[in-house]
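This is target-v7.csv (CSV, N, CA and C atoms).
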chain,number,residue,atom,x,y,z
A,1,MET,N,-20.4,-27.4,-12.0
A,1,MET,CA,-19.0,-27.4,-12.5
A,1,MET,C,-19.0,-26.4,-13.7
A,2,ALA,N,-17.9,-25.7,-13.8
A,2,ALA,CA,-17.7,-24.8,-14.9
A,2,ALA,C,-17.6,-25.5,-16.2
A,3,LEU,N,-18.1,-24.9,-17.3
A,3,LEU,CA,-18.0,-25.5,-18.6
A,3,LEU,C,-16.6,-25.7,-19.0
A,4,ILE,N,-15.7,-24.7,-18.7
A,4,ILE,CA,-14.3,-24.8,-19.1
A,4,ILE,C,-13.5,-24.6,-17.9
A,5,THR,N,-12.5,-25.5,-17.7
A,5,THR,CA,-11.6,-25.4,-16.5
A,5,THR,C,-10.2,-25.4,-17.0
A,6,LEU,N,-9.3,-24.9,-16.2
A,6,LEU,CA,-7.9,-24.9,-16.5
A,6,LEU,C,-7.3,-26.3,-16.3
A,7,GLY,N,-6.6,-26.7,-17.4
A,7,GLY,CA,-6.0,-28.1,-17.3
A,7,GLY,C,-4.6,-28.0,-16.8
A,8,VAL,N,-3.7,-27.4,-17.6
A,8,VAL,CA,-2.3,-27.4,-17.3
A,8,VAL,C,-1.7,-26.1,-17.9
A,9,VAL,N,-0.7,-25.6,-17.2
A,9,VAL,CA,0.1,-24.5,-17.7
A,9,VAL,C,1.4,-25.1,-18.3
A,10,ALA,N,1.6,-24.8,-19.6
A,10,ALA,CA,2.8,-25.4,-20.2
A,10,ALA,C,3.8,-24.2,-20.4
A,11,VAL,N,5.1,-24.5,-20.1
A,11,VAL,CA,6.2,-23.5,-20.2
A,11,VAL,C,7.2,-24.0,-21.2
A,12,ASP,N,7.5,-23.1,-22.2
A,12,ASP,CA,8.5,-23.4,-23.2
A,12,ASP,C,9.9,-23.4,-22.6
A,13,CYS,N,10.7,-24.2,-23.1
A,13,CYS,CA,12.1,-24.3,-22.6
A,13,CYS,C,13.0,-25.1,-23.5
A,14,PRO,N,14.3,-25.0,-23.3
A,14,PRO,CA,15.2,-25.9,-24.1
A,14,PRO,C,15.3,-27.3,-23.6
A,15,ASP,N,15.1,-27.5,-22.3
A,15,ASP,CA,15.3,-28.9,-21.7
A,15,ASP,C,14.2,-29.2,-20.7
A,16,PRO,N,13.1,-29.8,-21.2
A,16,PRO,CA,11.9,-30.0,-20.3
A,16,PRO,C,12.2,-30.8,-19.1
A,17,ARG,N,13.1,-31.8,-19.1
A,17,ARG,CA,13.4,-32.6,-18.0
A,17,ARG,C,14.1,-31.8,-16.9
A,18,ALA,N,15.1,-31.0,-17.3
A,18,ALA,CA,15.8,-30.2,-16.3
A,18,ALA,C,14.9,-29.2,-15.7
A,19,LEU,N,14.1,-28.5,-16.4
A,19,LEU,CA,13.2,-27.5,-15.8
A,19,LEU,C,12.1,-28.2,-15.0
A,20,ALA,N,11.6,-29.3,-15.4
A,20,ALA,CA,10.6,-30.0,-14.6
A,20,ALA,C,11.3,-30.4,-13.2
A,21,ARG,N,12.5,-30.9,-13.2
A,21,ARG,CA,13.2,-31.3,-12.0
A,21,ARG,C,13.3,-30.0,-11.1
A,22,PHE,N,13.7,-28.9,-11.7
A,22,PHE,CA,13.8,-27.6,-10.9
A,22,PHE,C,12.5,-27.3,-10.2
A,23,TYR,N,11.4,-27.2,-10.9
A,23,TYR,CA,10.1,-26.8,-10.3
A,23,TYR,C,9.5,-27.9,-9.4
A,24,ALA,N,9.8,-29.2,-9.7
A,24,ALA,CA,9.4,-30.2,-8.8
A,24,ALA,C,10.1,-30.1,-7.4
A,25,ALA,N,11.3,-29.7,-7.5
A,25,ALA,CA,12.1,-29.5,-6.2
A,25,ALA,C,11.6,-28.3,-5.5
A,26,VAL,N,11.4,-27.2,-6.3
A,26,VAL,CA,10.9,-25.9,-5.7
A,26,VAL,C,9.6,-26.2,-4.9
A,27,LEU,N,8.6,-26.9,-5.5
A,27,LEU,CA,7.3,-27.1,-5.0
A,27,LEU,C,7.1,-28.4,-4.2
A,28,ASP,N,8.1,-29.2,-4.2
A,28,ASP,CA,8.0,-30.6,-3.5
A,28,ASP,C,6.9,-31.4,-4.2
A,29,TRP,N,6.8,-31.3,-5.6
A,29,TRP,CA,5.9,-32.0,-6.4
A,29,TRP,C,6.7,-33.2,-7.0
A,30,GLU,N,6.0,-34.0,-7.8
A,30,GLU,CA,6.6,-35.2,-8.5
A,30,GLU,C,6.7,-35.0,-10.0
A,31,VAL,N,7.9,-35.3,-10.5
A,31,VAL,CA,8.0,-35.3,-12.0
A,31,VAL,C,7.3,-36.5,-12.6
A,32,VAL,N,6.5,-36.3,-13.6
A,32,VAL,CA,5.8,-37.3,-14.3
A,32,VAL,C,6.4,-37.4,-15.7
A,33,ASP,N,7.2,-38.3,-16.0
A,33,ASP,CA,7.9,-38.4,-17.2
A,33,ASP,C,7.5,-39.6,-18.0
A,34,ASP,N,6.8,-39.5,-19.0
A,34,ASP,CA,6.3,-40.6,-19.8
A,34,ASP,C,7.2,-41.0,-20.9
A,35,GLY,N,8.4,-40.4,-20.9
A,35,GLY,CA,9.4,-40.7,-21.9
A,35,GLY,C,9.4,-39.9,-23.2
A,36,ARG,N,8.5,-39.0,-23.3
A,36,ARG,CA,8.5,-38.1,-24.5
A,36,ARG,C,9.7,-37.2,-24.4
A,37,LEU,N,10.3,-36.9,-25.5
A,37,LEU,CA,11.4,-36.0,-25.5
A,37,LEU,C,11.1,-34.5,-25.4
A,38,ASP,N,9.8,-34.2,-25.8
A,38,ASP,CA,9.5,-32.8,-25.9
A,38,ASP,C,8.5,-32.3,-24.8
A,39,TRP,N,8.1,-33.2,-23.8
A,39,TRP,CA,7.1,-32.8,-22.8
A,39,TRP,C,7.3,-33.6,-21.6
A,40,VAL,N,7.4,-32.8,-20.4
A,40,VAL,CA,7.5,-33.5,-19.1
A,40,VAL,C,6.6,-32.7,-18.2
A,41,GLU,N,5.9,-33.3,-17.3
A,41,GLU,CA,5.0,-32.7,-16.3
A,41,GLU,C,5.4,-32.9,-14.9
A,42,VAL,N,5.0,-31.9,-14.0
A,42,VAL,CA,5.2,-32.1,-12.6
A,42,VAL,C,3.8,-32.1,-12.0
A,43,ALA,N,3.5,-33.0,-11.1
A,43,ALA,CA,2.2,-33.1,-10.5
A,43,ALA,C,2.2,-32.8,-9.1
A,44,GLY,N,1.2,-32.0,-8.7
A,44,GLY,CA,1.1,-31.6,-7.3
A,44,GLY,C,-0.2,-32.0,-6.7
A,45,PRO,N,-0.6,-31.5,-5.5
A,45,PRO,CA,-1.8,-31.9,-4.9
A,45,PRO,C,-3.0,-31.4,-5.6
A,46,ASP,N,-4.1,-32.1,-5.4
A,46,ASP,CA,-5.4,-31.8,-6.0
A,46,ASP,C,-5.4,-31.7,-7.5
A,47,GLY,N,-4.5,-32.5,-8.1
A,47,GLY,CA,-4.5,-32.6,-9.6
A,47,GLY,C,-3.8,-31.4,-10.3
A,48,ARG,N,-3.2,-30.5,-9.5
A,48,ARG,CA,-2.5,-29.4,-10.2
A,48,ARG,C,-1.3,-29.9,-11.0
A,49,THR,N,-1.1,-29.3,-12.1
A,49,THR,CA,0.0,-29.8,-13.0
A,49,THR,C,0.7,-28.6,-13.7
A,50,LEU,N,2.0,-28.7,-13.8
A,50,LEU,CA,2.8,-27.8,-14.6
A,50,LEU,C,3.4,-28.7,-15.7
A,51,ALA,N,3.5,-28.2,-16.9
A,51,ALA,CA,4.1,-28.9,-18.0
A,51,ALA,C,5.3,-28.1,-18.6
A,52,PHE,N,6.2,-28.8,-19.1
A,52,PHE,CA,7.4,-28.2,-19.7
A,52,PHE,C,7.6,-28.8,-21.1
A,53,GLN,N,7.6,-27.9,-22.1
A,53,GLN,CA,7.7,-28.4,-23.5
A,53,GLN,C,8.9,-27.8,-24.2
A,54,ARG,N,9.6,-28.7,-24.9
A,54,ARG,CA,10.8,-28.3,-25.6
A,54,ARG,C,10.4,-27.3,-26.7
A,55,ALA,N,11.1,-26.2,-26.8
A,55,ALA,CA,10.9,-25.2,-27.9
A,55,ALA,C,12.2,-25.1,-28.6
A,56,GLU,N,12.2,-25.4,-29.9
A,56,GLU,CA,13.4,-25.2,-30.7
A,56,GLU,C,13.8,-23.8,-30.8
A,57,ASN,N,15.0,-23.5,-30.8
A,57,ASN,CA,15.5,-22.1,-30.9
A,57,ASN,C,15.0,-21.2,-29.8
A,58,TYR,N,14.8,-21.8,-28.6
A,58,TYR,CA,14.3,-21.1,-27.4
A,58,TYR,C,15.2,-19.9,-27.1
A,59,ARG,N,14.6,-18.8,-26.8
A,59,ARG,CA,15.3,-17.6,-26.4
A,59,ARG,C,14.7,-17.2,-25.1
A,60,PRO,N,15.5,-17.1,-24.0
A,60,PRO,CA,14.9,-16.8,-22.7
A,60,PRO,C,14.4,-15.3,-22.7
A,61,PRO,N,13.4,-15.1,-21.9
A,61,PRO,CA,12.9,-13.7,-21.7
A,61,PRO,C,14.0,-12.8,-21.2
A,62,GLN,N,14.0,-11.5,-21.5
A,62,GLN,CA,14.9,-10.6,-20.9
A,62,GLN,C,14.1,-9.7,-20.0
A,63,TRP,N,14.1,-10.0,-18.8
A,63,TRP,CA,13.3,-9.3,-17.8
A,63,TRP,C,14.2,-8.5,-16.9
A,64,PRO,N,13.9,-7.2,-16.6
A,64,PRO,CA,12.6,-6.5,-16.9
A,64,PRO,C,12.5,-5.9,-18.3
A,65,GLY,N,13.6,-6.0,-19.1
A,65,GLY,CA,13.5,-5.4,-20.4
A,65,GLY,C,12.5,-6.2,-21.3
A,66,GLN,N,12.1,-5.7,-22.4
A,66,GLN,CA,11.1,-6.3,-23.2
A,66,GLN,C,11.6,-6.6,-24.6
A,67,GLU,N,12.9,-6.7,-24.8
A,67,GLU,CA,13.5,-7.1,-26.1
A,67,GLU,C,13.0,-8.5,-26.5
A,68,VAL,N,13.0,-9.4,-25.5
A,68,VAL,CA,12.4,-10.7,-25.6
A,68,VAL,C,11.4,-10.7,-24.4
A,69,PRO,N,10.1,-10.5,-24.7
A,69,PRO,CA,9.2,-10.4,-23.6
A,69,PRO,C,9.0,-11.7,-22.8
A,70,GLN,N,8.6,-11.5,-21.5
A,70,GLN,CA,8.5,-12.7,-20.6
A,70,GLN,C,7.3,-13.5,-20.9
A,71,GLN,N,6.2,-13.0,-21.5
A,71,GLN,CA,5.0,-13.7,-22.0
A,71,GLN,C,4.2,-14.2,-20.8
A,72,LEU,N,4.8,-14.8,-19.8
A,72,LEU,CA,4.1,-15.2,-18.6
A,72,LEU,C,5.1,-15.4,-17.4
A,73,HIS,N,4.7,-15.4,-16.2
A,73,HIS,CA,5.5,-15.7,-15.1
A,73,HIS,C,4.7,-16.4,-14.1
A,74,LEU,N,5.3,-17.1,-13.2
A,74,LEU,CA,4.7,-17.8,-12.1
A,74,LEU,C,4.9,-17.1,-10.8
A,75,ASP,N,3.8,-17.0,-10.0
A,75,ASP,CA,3.9,-16.5,-8.6
A,75,ASP,C,3.7,-17.6,-7.6
A,76,PHE,N,4.6,-17.8,-6.7
A,76,PHE,CA,4.4,-18.8,-5.6
A,76,PHE,C,4.3,-18.1,-4.3
A,77,ASP,N,3.2,-18.5,-3.5
A,77,ASP,CA,3.0,-17.9,-2.2
A,77,ASP,C,3.9,-18.6,-1.2
A,78,VAL,N,4.4,-17.7,-0.3
A,78,VAL,CA,5.3,-18.1,0.8
A,78,VAL,C,4.9,-17.3,2.0
A,79,ARG,N,4.8,-18.0,3.2
A,79,ARG,CA,4.5,-17.3,4.4
A,79,ARG,C,5.7,-16.4,4.8
A,80,ARG,N,5.4,-15.2,5.4
A,80,ARG,CA,6.4,-14.2,5.7
A,80,ARG,C,7.5,-14.8,6.5
A,81,GLU,N,7.2,-15.7,7.4
A,81,GLU,CA,8.3,-16.3,8.3
A,81,GLU,C,9.1,-17.3,7.5
A,82,ASP,N,8.7,-17.7,6.4
A,82,ASP,CA,9.4,-18.7,5.6
A,82,ASP,C,10.2,-18.1,4.3
A,83,ILE,N,10.1,-16.8,4.1
A,83,ILE,CA,10.6,-16.2,2.9
A,83,ILE,C,12.1,-16.4,2.7
A,84,GLU,N,12.9,-16.3,3.8
A,84,GLU,CA,14.3,-16.4,3.7
A,84,GLU,C,14.7,-17.9,3.4
A,85,GLU,N,14.0,-18.8,4.0
A,85,GLU,CA,14.3,-20.2,3.7
A,85,GLU,C,13.9,-20.6,2.3
A,86,ALA,N,12.8,-20.0,1.8
A,86,ALA,CA,12.3,-20.3,0.5
A,86,ALA,C,13.3,-19.7,-0.5
A,87,GLU,N,13.8,-18.5,-0.2
A,87,GLU,CA,14.9,-18.0,-1.1
A,87,GLU,C,16.1,-18.8,-1.2
A,88,ARG,N,16.6,-19.3,0.0
A,88,ARG,CA,17.8,-20.1,0.0
A,88,ARG,C,17.5,-21.4,-0.8
A,89,LYS,N,16.3,-22.0,-0.7
A,89,LYS,CA,16.0,-23.2,-1.5
A,89,LYS,C,16.0,-22.9,-3.0
A,90,VAL,N,15.4,-21.9,-3.5
A,90,VAL,CA,15.3,-21.7,-4.9
A,90,VAL,C,16.7,-21.3,-5.5
A,91,LEU,N,17.5,-20.6,-4.7
A,91,LEU,CA,18.9,-20.3,-5.1
A,91,LEU,C,19.7,-21.6,-5.2
A,92,ALA,N,19.6,-22.4,-4.2
A,92,ALA,CA,20.4,-23.7,-4.2
A,92,ALA,C,20.0,-24.6,-5.3
A,93,LEU,N,18.7,-24.5,-5.8
A,93,LEU,CA,18.3,-25.3,-6.9
A,93,LEU,C,18.7,-24.7,-8.3
A,94,GLY,N,19.2,-23.5,-8.3
A,94,GLY,CA,19.7,-22.9,-9.6
A,94,GLY,C,19.0,-21.7,-10.0
A,95,ALA,N,18.1,-21.1,-9.2
A,95,ALA,CA,17.5,-19.9,-9.6
A,95,ALA,C,18.5,-18.7,-9.4
A,96,ARG,N,18.2,-17.7,-10.2
A,96,ARG,CA,19.1,-16.5,-10.1
A,96,ARG,C,18.2,-15.3,-9.6
A,97,PRO,N,18.7,-14.5,-8.6
A,97,PRO,CA,17.9,-13.4,-8.2
A,97,PRO,C,17.9,-12.3,-9.2
A,98,VAL,N,16.9,-11.5,-9.3
A,98,VAL,CA,16.8,-10.4,-10.2
A,98,VAL,C,17.0,-9.1,-9.3
A,99,PRO,N,18.0,-8.3,-9.6
A,99,PRO,CA,18.2,-7.1,-8.8
A,99,PRO,C,16.9,-6.2,-8.9
A,100,HIS,N,16.6,-5.5,-7.8
A,100,HIS,CA,15.4,-4.7,-7.8
A,100,HIS,C,15.8,-3.4,-7.1
A,101,GLU,N,14.8,-2.4,-7.3
A,101,GLU,CA,15.0,-1.1,-6.6
A,101,GLU,C,14.8,-1.3,-5.1
A,102,GLU,N,15.5,-0.5,-4.4
A,102,GLU,CA,15.4,-0.6,-2.9
A,102,GLU,C,14.0,-0.2,-2.5
A,103,GLY,N,13.6,-0.7,-1.3
A,103,GLY,CA,12.3,-0.4,-0.8
A,103,GLY,C,11.5,-1.7,-0.4
A,104,GLU,N,10.5,-1.5,0.4
A,104,GLU,CA,9.7,-2.7,0.8
A,104,GLU,C,8.8,-3.2,-0.3
A,105,ARG,N,8.9,-4.5,-0.5
A,105,ARG,CA,8.0,-5.2,-1.5
A,105,ARG,C,7.5,-6.4,-0.8
A,106,ASP,N,6.3,-6.9,-1.4
A,106,ASP,CA,5.8,-8.2,-0.9
A,106,ASP,C,6.1,-9.3,-1.8
A,107,PHE,N,7.1,-9.2,-2.6
A,107,PHE,CA,7.5,-10.3,-3.5
A,107,PHE,C,9.0,-10.2,-3.8
A,108,ARG,N,9.6,-11.3,-4.3
A,108,ARG,CA,11.0,-11.3,-4.7
A,108,ARG,C,11.0,-12.0,-6.1
A,109,VAL,N,11.8,-11.5,-7.0
A,109,VAL,CA,11.8,-12.0,-8.4
A,109,VAL,C,13.1,-12.7,-8.6
A,110,TYR,N,13.0,-13.9,-9.4
A,110,TYR,CA,14.1,-14.7,-9.7
A,110,TYR,C,13.9,-15.2,-11.2
A,111,LEU,N,15.0,-15.7,-11.7
A,111,LEU,CA,14.9,-16.3,-13.0
A,111,LEU,C,15.2,-17.8,-12.8
A,112,ASP,N,14.4,-18.7,-13.4
A,112,ASP,CA,14.6,-20.1,-13.3
A,112,ASP,C,15.8,-20.5,-14.2
A,113,PRO,N,16.2,-21.7,-14.2
A,113,PRO,CA,17.4,-22.1,-15.0
A,113,PRO,C,17.3,-21.9,-16.5
A,114,ALA,N,16.0,-21.8,-17.0
A,114,ALA,CA,15.8,-21.5,-18.4
A,114,ALA,C,15.6,-20.0,-18.7
A,115,GLY,N,15.6,-19.2,-17.6
A,115,GLY,CA,15.5,-17.7,-17.8
A,115,GLY,C,14.1,-17.1,-17.6
A,116,HIS,N,13.1,-18.0,-17.3
A,116,HIS,CA,11.8,-17.5,-17.0
A,116,HIS,C,11.7,-16.7,-15.7
A,117,PRO,N,11.1,-15.6,-15.6
A,117,PRO,CA,11.0,-14.9,-14.3
A,117,PRO,C,9.9,-15.6,-13.5
A,118,PHE,N,10.1,-15.7,-12.2
A,118,PHE,CA,9.1,-16.2,-11.3
A,118,PHE,C,9.2,-15.4,-9.9
A,119,CYS,N,8.2,-15.4,-9.2
A,119,CYS,CA,8.2,-14.6,-7.9
A,119,CYS,C,7.9,-15.5,-6.7
A,120,LEU,N,8.6,-15.2,-5.6
A,120,LEU,CA,8.1,-15.7,-4.3
A,120,LEU,C,7.4,-14.5,-3.7
A,121,CYS,N,6.1,-14.7,-3.4
A,121,CYS,CA,5.2,-13.7,-2.9
A,121,CYS,C,4.8,-14.0,-1.5
A,122,LEU,N,4.7,-13.0,-0.7
A,122,LEU,CA,4.2,-13.1,0.7
A,122,LEU,C,2.7,-13.4,0.6
A,123,CYS,N,2.3,-14.5,1.3
A,123,CYS,CA,0.9,-14.8,1.3
A,123,CYS,C,0.0,-13.6,1.7
A,124,LYS,N,-1.1,-13.5,0.9
A,124,LYS,CA,-2.0,-12.4,1.1
A,124,LYS,C,-2.8,-12.5,2.4
A,125,ALA,N,-2.9,-13.8,2.9
A,125,ALA,CA,-3.8,-14.0,4.1
A,125,ALA,C,-3.1,-13.6,5.4
A,126,GLU,N,-1.9,-13.1,5.3
A,126,GLU,CA,-1.2,-12.7,6.5
A,126,GLU,C,-1.6,-11.3,7.0

Kindly return the structure encoded in the file as structure tokens.
Amino acid sequence: MALITLGVVAVDCPDPRALARFYAAVLDWEVVDDGRLDWVEVAGPDGRTLAFQRAENYRPPQWPGQEVPQQLHLDFDVRREDIEEAERKVLALGARPVPHEEGERDFRVYLDPAGHPFCLCLCKAE
């Protein structure tokens, strides 16, 4: 076993519960809410966890601009045959598409309800 392993990725946001519900619905994971006002987690298979923490005076990233840099983004793998359904799902949950230049790409970019960019990426195993 490695000396150091990744525990959790924490995402700053103005409303941890709302953003946790968004990502739990996107991933079909479970919200784990212990009642703290500033921290909520979503739990997935094999112990994977995303956490959302309240950030006072939160300013969403301005992507693709860098006036307020994105700092991080999440990539989610989707099978090619499921990409349209996955897009409909994240849009229905409140994601906003990010306009992009024309041309063939193996990913699509969105902003979550708090303004963080994330991508639906075609699985590399295809």

If you run DSSP on this backbone, which residues of chain A come out as strand (DSSP E), and could you give them as an mmCIF file with N, CA and C atoms, in the coordinates of the input?
data_model
loop_
_atom_site.group_PDB
_atom_site.id
_atom_site.type_symbol
_atom_site.label_atom_id
_atom_site.label_comp_id
_atom_site.auth_asym_id
_atom_site.auth_seq_id
_atom_site.Cartn_x
_atom_site.Cartn_y
_atom_site.Cartn_z
ATOM 1 N N VAL A 9 -0.700 -25.600 -17.200
ATOM 2 C CA VAL A 9 0.100 -24.500 -17.700
ATOM 3 C C VAL A 9 1.400 -25.100 -18.300
ATOM 4 N N ALA A 10 1.600 -24.800 -19.600
ATOM 5 C CA ALA A 10 2.800 -25.400 -20.200
ATOM 6 C C ALA A 10 3.800 -24.200 -20.400
ATOM 7 N N VAL A 11 5.100 -24.500 -20.100
ATOM 8 C CA VAL A 11 6.200 -23.500 -20.200
ATOM 9 C C VAL A 11 7.200 -24.000 -21.200
ATOM 10 N N ASP A 12 7.500 -23.100 -22.200
ATOM 11 C CA ASP A 12 8.500 -23.400 -23.200
ATOM 12 C C ASP A 12 9.900 -23.400 -22.600
ATOM 13 N N CYS A 13 10.700 -24.200 -23.100
ATOM 14 C CA CYS A 13 12.100 -24.300 -22.600
ATOM 15 C C CYS A 13 13.000 -25.100 -23.500
ATOM 16 N N GLU A 30 6.000 -34.000 -7.800
ATOM 17 C CA GLU A 30 6.600 -35.200 -8.500
ATOM 18 C C GLU A 30 6.700 -35.000 -10.000
ATOM 19 N N VAL A 31 7.900 -35.300 -10.500
ATOM 20 C CA VAL A 31 8.000 -35.300 -12.000
ATOM 21 C C VAL A 31 7.300 -36.500 -12.600
ATOM 22 N N VAL A 32 6.500 -36.300 -13.600
ATOM 23 C CA VAL A 32 5.800 -37.300 -14.300
ATOM 24 C C VAL A 32 6.400 -37.400 -15.700
ATOM 25 N N TRP A 39 8.100 -33.200 -23.800
ATOM 26 C CA TRP A 39 7.100 -32.800 -22.800
ATOM 27 C C TRP A 39 7.300 -33.600 -21.600
ATOM 28 N N VAL A 40 7.400 -32.800 -20.400
ATOM 29 C CA VAL A 40 7.500 -33.500 -19.100
ATOM 30 C C VAL A 40 6.600 -32.700 -18.200
ATOM 31 N N GLU A 41 5.900 -33.300 -17.300
ATOM 32 C CA GLU A 41 5.000 -32.700 -16.300
ATOM 33 C C GLU A 41 5.400 -32.900 -14.900
ATOM 34 N N VAL A 42 5.000 -31.900 -14.000
ATOM 35 C CA VAL A 42 5.200 -32.100 -12.600
ATOM 36 C C VAL A 42 3.800 -32.100 -12.000
ATOM 37 N N ALA A 43 3.500 -33.000 -11.100
ATOM 38 C CA ALA A 43 2.200 -33.100 -10.500
ATOM 39 C C ALA A 43 2.200 -32.800 -9.100
ATOM 40 N N THR A 49 -1.100 -29.300 -12.100
ATOM 41 C CA THR A 49 0.000 -29.800 -13.000
ATOM 42 C C THR A 49 0.700 -28.600 -13.700
ATOM 43 N N LEU A 50 2.000 -28.700 -13.800
ATOM 44 C CA LEU A 50 2.800 -27.800 -14.600
ATOM 45 C C LEU A 50 3.400 -28.700 -15.700
ATOM 46 N N ALA A 51 3.500 -28.200 -16.900
ATOM 47 C CA ALA A 51 4.100 -28.900 -18.000
ATOM 48 C C ALA A 51 5.300 -28.100 -18.600
ATOM 49 N N PHE A 52 6.200 -28.800 -19.100
ATOM 50 C CA PHE A 52 7.400 -28.200 -19.700
ATOM 51 C C PHE A 52 7.600 -28.800 -21.100
ATOM 52 N N GLN A 53 7.600 -27.900 -22.100
ATOM 53 C CA GLN A 53 7.700 -28.400 -23.500
ATOM 54 C C GLN A 53 8.900 -27.800 -24.200
ATOM 55 N N ARG A 54 9.600 -28.700 -24.900
ATOM 56 C CA ARG A 54 10.800 -28.300 -25.600
ATOM 57 C C ARG A 54 10.400 -27.300 -26.700
ATOM 58 N N LEU A 74 5.300 -17.100 -13.200
ATOM 59 C CA LEU A 74 4.700 -17.800 -12.100
ATOM 60 C C LEU A 74 4.900 -17.100 -10.800
ATOM 61 N N ASP A 75 3.800 -17.000 -10.000
ATOM 62 C CA ASP A 75 3.900 -16.500 -8.600
ATOM 63 C C ASP A 75 3.700 -17.600 -7.600
ATOM 64 N N PHE A 76 4.600 -17.800 -6.700
ATOM 65 C CA PHE A 76 4.400 -18.800 -5.600
ATOM 66 C C PHE A 76 4.300 -18.100 -4.300
ATOM 67 N N ASP A 77 3.200 -18.500 -3.500
ATOM 68 C CA ASP A 77 3.000 -17.900 -2.200
ATOM 69 C C ASP A 77 3.900 -18.600 -1.200
ATOM 70 N N VAL A 78 4.400 -17.700 -0.300
ATOM 71 C CA VAL A 78 5.300 -18.100 0.800
ATOM 72 C C VAL A 78 4.900 -17.300 2.000
ATOM 73 N N ARG A 96 18.200 -17.700 -10.200
ATOM 74 C CA ARG A 96 19.100 -16.500 -10.100
ATOM 75 C C ARG A 96 18.200 -15.300 -9.600
ATOM 76 N N PRO A 97 18.700 -14.500 -8.600
ATOM 77 C CA PRO A 97 17.900 -13.400 -8.200
ATOM 78 C C PRO A 97 17.900 -12.300 -9.200
ATOM 79 N N PHE A 107 7.100 -9.200 -2.600
ATOM 80 C CA PHE A 107 7.500 -10.300 -3.500
ATOM 81 C C PHE A 107 9.000 -10.200 -3.800
ATOM 82 N N ARG A 108 9.600 -11.300 -4.300
ATOM 83 C CA ARG A 108 11.000 -11.300 -4.700
ATOM 84 C C ARG A 108 11.000 -12.000 -6.100
ATOM 85 N N VAL A 109 11.800 -11.500 -7.000
ATOM 86 C CA VAL A 109 11.800 -12.000 -8.400
ATOM 87 C C VAL A 109 13.100 -12.700 -8.600
ATOM 88 N N TYR A 110 13.000 -13.900 -9.400
ATOM 89 C CA TYR A 110 14.100 -14.700 -9.700
ATOM 90 C C TYR A 110 13.900 -15.200 -11.200
ATOM 91 N N LEU A 111 15.000 -15.700 -11.700
ATOM 92 C CA LEU A 111 14.900 -16.300 -13.000
ATOM 93 C C LEU A 111 15.200 -17.800 -12.800
ATOM 94 N N PRO A 117 11.100 -15.600 -15.600
ATOM 95 C CA PRO A 117 11.000 -14.900 -14.300
ATOM 96 C C PRO A 117 9.900 -15.600 -13.500
ATOM 97 N N PHE A 118 10.100 -15.700 -12.200
ATOM 98 C CA PHE A 118 9.100 -16.200 -11.300
ATOM 99 C C PHE A 118 9.200 -15.400 -9.900
ATOM 100 N N CYS A 119 8.200 -15.400 -9.200
ATOM 101 C CA CYS A 119 8.200 -14.600 -7.900
ATOM 102 C C CYS A 119 7.900 -15.500 -6.700
ATOM 103 N N LEU A 120 8.600 -15.200 -5.600
ATOM 104 C CA LEU A 120 8.100 -15.700 -4.300
ATOM 105 C C LEU A 120 7.400 -14.500 -3.700
ATOM 106 N N CYS A 121 6.100 -14.700 -3.400
ATOM 107 C CA CYS A 121 5.200 -13.700 -2.900
ATOM 108 C C CYS A 121 4.800 -14.000 -1.500
ATOM 109 N N LEU A 122 4.700 -13.000 -0.700
ATOM 110 C CA LEU A 122 4.200 -13.100 0.700
ATOM 111 C C LEU A 122 2.700 -13.400 0.600
#

Residues at most 7 Å from range 78-84 of chain A, counting all atoms listed in the file, excluding those fewer than 4 positions away in the same chain, as a list in words? Arg88, Lys89, Leu120, Cys121, Leu122 and Cys123 of chain A

Quick one: residues within 12 Å of Arg59 in chain A, only C-alpha atoms, excluding same-chain residues fewer than 5 positions away - as a list in words? Asp12, Cys13, Pro14, Arg54, Glu67, Val68, Pro69, Gln70, Gln71, Ala114, Gly115 and His116 of chain A

Got time to write the residues from that selection, N, CA and C atoms, as a compact mmCIF listing (two decimals), in the coordinates of the input?
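File again_21.txt, as written:
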# COMPACT_ATOMS: atom_id res chain seq x y z
N ASP A 12 7.50 -23.10 -22.20
CA ASP A 12 8.50 -23.40 -23.20
C ASP A 12 9.90 -23.40 -22.60
N CYS A 13 10.70 -24.20 -23.10
CA CYS A 13 12.10 -24.30 -22.60
C CYS A 13 13.00 -25.10 -23.50
N PRO A 14 14.30 -25.00 -23.30
CA PRO A 14 15.20 -25.90 -24.10
C PRO A 14 15.30 -27.30 -23.60
N ARG A 54 9.60 -28.70 -24.90
CA ARG A 54 10.80 -28.30 -25.60
C ARG A 54 10.40 -27.30 -26.70
N GLU A 67 12.90 -6.70 -24.80
CA GLU A 67 13.50 -7.10 -26.10
C GLU A 67 13.00 -8.50 -26.50
N VAL A 68 13.00 -9.40 -25.50
CA VAL A 68 12.40 -10.70 -25.60
C VAL A 68 11.40 -10.70 -24.40
N PRO A 69 10.10 -10.50 -24.70
CA PRO A 69 9.20 -10.40 -23.60
C PRO A 69 9.00 -11.70 -22.80
N GLN A 70 8.60 -11.50 -21.50
CA GLN A 70 8.50 -12.70 -20.60
C GLN A 70 7.30 -13.50 -20.90
N GLN A 71 6.20 -13.00 -21.50
CA GLN A 71 5.00 -13.70 -22.00
C GLN A 71 4.20 -14.20 -20.80
N ALA A 114 16.00 -21.80 -17.00
CA ALA A 114 15.80 -21.50 -18.40
C ALA A 114 15.60 -20.00 -18.70
N GLY A 115 15.60 -19.20 -17.60
CA GLY A 115 15.50 -17.70 -17.80
C GLY A 115 14.10 -17.10 -17.60
N HIS A 116 13.10 -18.00 -17.30
CA HIS A 116 11.80 -17.50 -17.00
C HIS A 116 11.70 -16.70 -15.70

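Around range 41-52 of chain A, within 5 Å and counting only N, CA and C atoms, the residues found are Val8, Val9, Ala10, Val11, Pro16, Trp29, Glu30, Val31, Val32, Trp39 and Arg54 of chain A, once anything fewer than 2 positions away on its own chain is removed.
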
Residue with the minimum atom-to-atom distance to Asp112 in chain A, picked from A:Pro60, A:Gly7, A:Ala86, A:Leu37 with only C-alpha atoms counted, is A:Pro60

Expected answer as number ranges by chain: all residues with atoms within 5 Å of (18.2, -20.3, -12.8), only N, CA and C atoms: A: 94-96, 111-114
